[in-house]
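One file, target.cif, is given below (mmCIF, C-alpha atoms and all ligand atoms).
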data_query
loop_
_atom_site.label_atom_id
_atom_site.label_comp_id
_atom_site.auth_asym_id
_atom_site.auth_seq_id
_atom_site.Cartn_x
_atom_site.Cartn_y
_atom_site.Cartn_z
CA MET A 1 -69.21 -72.61 123.77
CA ASP A 2 -66.22 -70.50 122.81
CA ARG A 3 -65.33 -69.47 119.28
CA ARG A 4 -62.54 -72.07 118.85
CA THR A 5 -64.86 -74.93 119.83
CA LEU A 6 -67.48 -73.69 117.34
CA ILE A 7 -64.88 -73.55 114.56
CA GLY A 8 -63.77 -77.10 115.47
CA ILE A 9 -67.33 -78.46 115.31
CA GLY A 10 -67.89 -76.64 111.98
CA ALA A 11 -64.74 -78.13 110.48
CA ALA A 12 -65.69 -81.64 111.67
CA LEU A 13 -69.18 -81.31 110.14
CA ALA A 14 -67.73 -80.06 106.84
CA LEU A 15 -65.30 -83.00 106.74
CA ALA A 16 -68.09 -85.52 107.45
CA ALA A 17 -70.29 -84.03 104.72
CA GLY A 18 -67.36 -84.11 102.30
CA ALA A 19 -66.58 -87.74 103.12
CA GLY A 20 -70.23 -88.68 102.56
CA ALA A 21 -70.30 -87.05 99.18
CA TRP A 22 -67.02 -88.73 98.20
CA ALA A 23 -68.24 -92.15 99.27
CA GLN A 24 -71.40 -91.71 97.21
CA ASP A 25 -69.63 -90.37 94.15
CA LYS A 26 -66.87 -92.94 94.15
CA PRO A 27 -67.41 -95.54 91.41
CA LYS A 28 -67.96 -99.11 92.56
CA ASP A 29 -64.57 -100.74 93.04
CA TYR A 30 -64.85 -104.07 91.26
CA THR A 31 -61.11 -104.68 91.51
CA ASN A 32 -61.14 -105.19 95.27
CA ARG A 33 -64.40 -107.10 95.27
CA MET A 34 -63.07 -109.38 92.56
CA ASN A 35 -60.43 -110.51 95.05
CA LEU A 36 -63.12 -111.82 97.35
CA GLU A 37 -65.65 -113.32 94.99
CA VAL A 38 -66.64 -113.54 91.35
CA ASP A 39 -69.10 -110.74 90.75
CA TYR A 40 -72.11 -111.11 88.55
CA ILE A 41 -71.20 -109.54 85.25
CA PRO A 42 -73.30 -110.92 82.41
CA SER A 43 -71.68 -111.81 79.08
CA ARG A 44 -72.85 -109.51 76.31
CA PRO A 45 -75.05 -111.25 73.70
CA GLU A 46 -72.34 -111.08 71.02
CA VAL A 47 -69.89 -112.72 73.42
CA VAL A 48 -72.41 -115.49 74.24
CA GLU A 49 -72.81 -116.03 70.49
CA ALA A 50 -69.03 -116.17 69.98
CA MET A 51 -68.57 -118.66 72.84
CA LEU A 52 -71.20 -121.00 71.42
CA LYS A 53 -69.79 -120.73 67.90
CA LEU A 54 -66.21 -121.25 69.09
CA ALA A 55 -67.35 -124.38 70.95
CA ASN A 56 -69.04 -125.54 67.73
CA VAL A 57 -72.18 -126.52 69.63
CA LYS A 58 -74.59 -128.94 67.97
CA ALA A 59 -78.26 -129.75 68.49
CA GLY A 60 -78.75 -132.54 71.01
CA GLU A 61 -75.55 -131.78 72.94
CA LYS A 62 -75.48 -130.79 76.59
CA ILE A 63 -73.89 -127.57 77.83
CA TYR A 64 -73.09 -126.55 81.41
CA ASP A 65 -72.45 -122.98 82.50
CA LEU A 66 -70.52 -123.01 85.77
CA GLY A 67 -71.55 -119.73 87.38
CA CYS A 68 -74.52 -119.19 85.08
CA GLY A 69 -75.74 -115.78 86.26
CA ASP A 70 -79.11 -115.06 84.63
CA GLY A 71 -78.80 -118.22 82.53
CA ARG A 72 -78.22 -116.46 79.20
CA ILE A 73 -75.58 -118.89 77.88
CA VAL A 74 -77.55 -122.10 78.48
CA ILE A 75 -80.83 -120.42 77.44
CA THR A 76 -79.33 -119.17 74.15
CA ALA A 77 -77.78 -122.59 73.52
CA ALA A 78 -81.17 -124.26 74.02
CA LYS A 79 -83.27 -121.73 72.14
CA GLN A 80 -81.03 -121.03 69.16
CA TYR A 81 -78.94 -124.19 68.82
CA GLY A 82 -81.16 -126.97 70.20
CA LEU A 83 -78.96 -128.07 73.10
CA THR A 84 -80.01 -129.07 76.57
CA GLY A 85 -78.38 -127.08 79.32
CA VAL A 86 -77.54 -126.95 82.99
CA GLY A 87 -76.70 -123.67 84.68
CA ILE A 88 -75.18 -123.68 88.14
CA ASP A 89 -74.88 -120.60 90.34
CA ILE A 90 -74.15 -120.05 93.99
CA ASP A 91 -76.35 -116.95 94.25
CA PRO A 92 -80.05 -117.76 94.91
CA ASP A 93 -81.16 -114.49 93.26
CA ARG A 94 -79.37 -115.43 90.05
CA VAL A 95 -80.85 -118.93 90.22
CA ALA A 96 -84.40 -117.54 90.53
CA GLN A 97 -83.73 -115.07 87.71
CA ALA A 98 -82.27 -117.74 85.42
CA ARG A 99 -85.23 -120.08 86.06
CA GLU A 100 -87.63 -117.27 85.25
CA ASN A 101 -85.68 -116.40 82.08
CA ALA A 102 -85.71 -120.02 80.94
CA LYS A 103 -89.49 -120.08 81.41
CA LYS A 104 -89.95 -116.81 79.51
CA ALA A 105 -87.74 -118.10 76.68
CA GLY A 106 -89.86 -121.26 76.47
CA VAL A 107 -86.93 -123.62 77.17
CA ALA A 108 -87.59 -124.56 80.82
CA ASP A 109 -88.06 -128.19 79.73
CA ARG A 110 -84.50 -128.28 78.31
CA VAL A 111 -82.67 -125.99 80.71
CA LYS A 112 -82.10 -126.91 84.32
CA ILE A 113 -80.86 -124.28 86.75
CA GLU A 114 -79.28 -125.50 89.98
CA GLN A 115 -78.08 -123.64 93.02
CA GLY A 116 -74.64 -124.84 93.98
CA ASP A 117 -70.92 -124.26 94.23
CA VAL A 118 -68.97 -124.94 91.05
CA PHE A 119 -66.25 -126.56 93.16
CA LYS A 120 -68.69 -129.24 94.31
CA ALA A 121 -70.71 -129.56 91.10
CA GLN A 122 -71.14 -132.67 88.97
CA PHE A 123 -70.95 -132.06 85.22
CA ALA A 124 -69.51 -135.31 83.83
CA ASP A 125 -72.17 -135.62 81.11
CA ALA A 126 -71.30 -132.27 79.50
CA ASP A 127 -70.37 -131.98 75.84
CA VAL A 128 -69.51 -128.31 76.37
CA VAL A 129 -68.66 -126.33 79.51
CA ALA A 130 -68.89 -122.53 79.57
CA LEU A 131 -66.99 -120.43 82.11
CA TYR A 132 -66.91 -116.76 82.97
CA LEU A 133 -65.27 -116.79 86.36
CA ARG A 134 -61.68 -115.79 87.14
CA ARG A 135 -58.32 -117.24 86.22
CA ASP A 136 -57.68 -118.52 89.77
CA TYR A 137 -61.15 -120.14 89.77
CA ASN A 138 -60.37 -121.75 86.39
CA GLN A 139 -57.06 -123.04 87.73
CA LYS A 140 -58.70 -124.43 90.86
CA LEU A 141 -61.45 -126.02 88.74
CA ARG A 142 -59.05 -127.55 86.24
CA PRO A 143 -58.44 -130.87 88.08
CA ARG A 144 -62.21 -131.36 88.52
CA LEU A 145 -62.84 -130.56 84.86
CA LEU A 146 -60.14 -133.00 83.70
CA GLU A 147 -61.27 -135.69 86.13
CA GLN A 148 -64.98 -135.52 85.32
CA LEU A 149 -65.18 -134.57 81.66
CA ARG A 150 -64.91 -137.04 78.78
CA PRO A 151 -62.03 -136.58 76.34
CA GLY A 152 -63.23 -134.36 73.51
CA THR A 153 -65.45 -132.18 75.72
CA ARG A 154 -65.02 -128.53 74.79
CA ILE A 155 -64.46 -125.82 77.37
CA VAL A 156 -65.02 -122.18 76.45
CA SER A 157 -64.12 -119.33 78.72
CA HIS A 158 -64.97 -115.65 78.60
CA GLU A 159 -62.02 -113.43 79.51
CA HIS A 160 -59.99 -115.84 81.65
CA ASP A 161 -57.62 -118.62 80.65
CA PHE A 162 -56.11 -121.45 82.73
CA GLY A 163 -52.60 -119.99 82.89
CA ALA A 164 -49.48 -120.68 80.85
CA ASP A 165 -49.34 -124.44 81.51
CA TRP A 166 -52.62 -125.14 79.67
CA PRO A 167 -52.64 -122.85 76.65
CA PRO A 168 -55.92 -122.52 74.75
CA GLU A 169 -56.43 -124.30 71.46
CA LYS A 170 -58.15 -121.24 70.04
CA HIS A 171 -58.47 -117.63 71.13
CA LEU A 172 -60.54 -114.91 69.59
CA LYS A 173 -61.44 -111.33 70.38
CA VAL A 174 -64.96 -109.95 70.42
CA GLY A 175 -64.17 -106.25 70.48
CA ASN A 176 -61.86 -106.05 73.47
CA VAL A 177 -63.12 -109.28 75.08
CA ASP A 178 -61.14 -112.54 74.99
CA VAL A 179 -62.82 -115.87 74.35
CA PHE A 180 -60.81 -119.10 74.72
CA LEU A 181 -61.35 -122.73 73.72
CA TRP A 182 -59.82 -125.96 75.08
CA THR A 183 -60.64 -129.59 74.37
CA VAL A 184 -60.34 -132.14 77.16
CA PRO A 185 -57.43 -134.43 76.20
CA ALA A 186 -57.41 -138.24 76.28
CA LYS A 187 -56.96 -139.64 79.79
CA LYS A 188 -53.37 -140.70 80.58
C1 LIG B 201 -69.08 -113.11 85.74
S1 LIG B 201 -70.66 -113.84 86.17
C2 LIG B 201 -70.99 -114.79 84.67
C3 LIG B 201 -72.46 -115.09 84.45
C4 LIG B 201 -72.78 -115.88 83.17
N1 LIG B 201 -71.99 -117.10 83.10
C5 LIG B 201 -72.54 -115.06 81.94
O1 LIG B 201 -71.51 -115.30 81.27
O2 LIG B 201 -73.35 -114.16 81.65
C6 LIG B 201 -70.10 -115.09 87.36
C7 LIG B 201 -71.21 -115.83 88.05
O3 LIG B 201 -70.60 -116.86 88.83
C8 LIG B 201 -71.32 -117.01 90.05
N2 LIG B 201 -70.41 -117.66 91.02
C9 LIG B 201 -69.36 -117.11 91.67
N3 LIG B 201 -68.75 -118.01 92.44
C10 LIG B 201 -69.44 -119.18 92.28
C11 LIG B 201 -69.30 -120.49 92.82
N4 LIG B 201 -68.31 -120.79 93.68
N5 LIG B 201 -70.19 -121.45 92.45
C12 LIG B 201 -71.19 -121.13 91.59
N6 LIG B 201 -71.38 -119.92 91.05
C13 LIG B 201 -70.50 -118.95 91.37
C14 LIG B 201 -71.74 -115.60 90.39
O4 LIG B 201 -72.87 -115.60 91.26
C15 LIG B 201 -72.04 -115.01 89.01
O5 LIG B 201 -73.40 -115.13 88.69
#
Entire entry expressed as structure tokens:
Amino acid sequence: MDRRTLIGIGAALALAAGAGAWAQDKPKDYTNRMNLEVDYIPSRPEVVEAMLKLANVKAGEKIYDLGCGDGRIVITAAKQYGLTGVGIDIDPDRVAQARENAKKAGVADRVKIEQGDVFKAQFADADVVALYLRRDYNQKLRPRLLEQLRPGTRIVSHEHDFGADWPPEKHLKVGNVDVFLWTVPAKK
């Protein structure tokens, strides 16, 4: 092997090592992934609290969390406010985790966790619906929400609204996080 070939191989190896290090060090790019799917990002406890308070939840009511993650919203609603709850998530790992969490919290008899797609889900008996998805998911869900839900049902959403043509009734900030409230209007 001549000297130039050796230098070439050395440079290629150095580049490969550098690229490896860069790929490892690079922070996870949620922005791009968010374009493909809704990632699992749990609501912080104070945000869960604010969502439930903004929805004015009452004992005996039924809450759905569409995309429930580890079940924290429905579990908190059951444990602290006396609601029954249904959490729906597409990810089987989240479903298993949420079921386990409901058991640990002692509310498995009042909290049902289902595996399913929010765009196919049935939630007509909800008094409150919680969302932490994405604005385009909310917008796509809107016709299903308005078709299934009874007038007066409250919808609370963490971070994302439904767009300018359905402004929220209330909006508050928990630190830098937005929480929105809508009430399902009377059917036309
Ligand atoms: C941002 S996390 C919110 C989790 C939980 N609601 C909370 O506030 O802590 C969104 C969740 O929605 C779930 N998800 C995404 N797309 C879904 C779909 N089409 N149907 C059901 N769940 C979905 C994800 O698996 C993830 O757990």
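A straight line drawn from CA of Glu46 (chain A) to CA of Lys173 (chain A) is 10.9 Å long.
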TODO: Would you mind telling me which residue in A:Thr76, A:Asn56, A:Gln115, A:Asn138 lies nearest to ligand LIG 201 (chain B) when using all atoms listed in the file?
DONE: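 Among the listed residues, A:Gln115 lies closest to ligand LIG 201 (chain B).
Nearest to Pro45 (chain A) of all the residues A:Ala98, A:Ile73, A:Leu149, A:Leu131 is A:Ile73, based on all atoms listed in the file.
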Open item on the list: Counting all atoms listed in the file, what are the residues, protein, DNA or RNA alike, that approach ligand LIG 201 (chain B) to within 6 Å? I want them as a list of chain:residue names.
Closed with: A:Val38, A:Asp39, A:Tyr40, A:Ile41, A:Pro42, A:Ser43, A:Asp65, A:Gly67, A:Cys68, A:Gly69, A:Arg72, A:Ile88, A:Asp89, A:Ile90, A:Asp91, A:Gly116, A:Asp117, A:Val118, A:Tyr132, A:Leu133
Open item on the list: List the spatial neighbours of Phe123 (chain A) as a list in words - criterion: any atom at most 9 Å away, only C-alpha atoms, same-chain residues fewer than 6 positions off excluded.
Closed with: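 Surrounding residues, per the criterion: Tyr64, Val86, Val129, Leu145, Gln148 and Leu149 of chain A.
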TODO: Compile the contact shell of Lys104 (chain A) as a list of chain:residue names: residues with an atom at most 12 Å away, counting only C-alpha atoms, same-chain residues fewer than 4 positions apart removed.
DONE: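 So the residues in contact are A:Gly71, A:Arg72, A:Ile75, A:Lys79, A:Gln97, A:Ala98, A:Arg99, A:Glu100, A:Ala108, A:Asp109, A:Val111.
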Would you put the residues from that selection into a file with C-alpha atoms, as an mmCIF file, in the frame of the given file?
data_model
loop_
_atom_site.group_PDB
_atom_site.id
_atom_site.type_symbol
_atom_site.label_atom_id
_atom_site.label_comp_id
_atom_site.auth_asym_id
_atom_site.auth_seq_id
_atom_site.Cartn_x
_atom_site.Cartn_y
_atom_site.Cartn_z
ATOM 1 C CA GLY A 71 -78.800 -118.220 82.530
ATOM 2 C CA ARG A 72 -78.220 -116.460 79.200
ATOM 3 C CA ILE A 75 -80.830 -120.420 77.440
ATOM 4 C CA LYS A 79 -83.270 -121.730 72.140
ATOM 5 C CA GLN A 97 -83.730 -115.070 87.710
ATOM 6 C CA ALA A 98 -82.270 -117.740 85.420
ATOM 7 C CA ARG A 99 -85.230 -120.080 86.060
ATOM 8 C CA GLU A 100 -87.630 -117.270 85.250
ATOM 9 C CA ALA A 108 -87.590 -124.560 80.820
ATOM 10 C CA ASP A 109 -88.060 -128.190 79.730
ATOM 11 C CA VAL A 111 -82.670 -125.990 80.710
#
- [ ] Would you kindly return, as an NGL selection string, each protein, DNA or RNA residue with an atom no farther than 6 Å from any atom of region 151-168 of chain A, considering all atoms listed in the file and excluding same-chain residues fewer than 6 positions away?
- [x] :A and (127-132 or 134-135 or 138-139 or 178-186)
Open item on the list: As an exercise, work out the distance from CA of Tyr137 (chain A) to CA of Gly60 (chain A) in Å and give it to one decimal place.
Closed with: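 A separation of 28.6 Å between them.
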TODO: Record the distance separating CA of Glu49 (chain A) and CA of Pro143 (chain A), expressed in Å with one decimal.
DONE: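 If I compute the distance from CA of Glu49 (chain A) to CA of Pro143 (chain A), I get 27.1 Å.
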TODO: Have a look at A:Pro92, A:Gly106, A:Gly87, A:Gly175 and name the one nearest to Lys62 (chain A); count only C-alpha atoms.
DONE: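 Checking each of A:Pro92, A:Gly106, A:Gly87, A:Gly175 against Lys62 (chain A), counting only C-alpha atoms, the winner is A:Gly87.
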Task: Selected residue, from A:Glu61, A:Gln80, A:Lys187, A:Lys112, that lies nearest to Arg150 (chain A) when counting all atoms listed in the file - done: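 Closest residue, counting all atoms listed in the file: A:Lys187.
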Task: Nearest-residue call for Ala96 (chain A), choices A:Ala121, A:Ile113, A:Val57, A:Met51, using all atoms listed in the file - done: A:Ile113
- [ ] Tell me which of A:Leu54, A:Gly82, A:Ala126, A:Leu66 sits closest to Glu169 (chain A), counting all atoms listed in the file.
- [x] A:Leu54
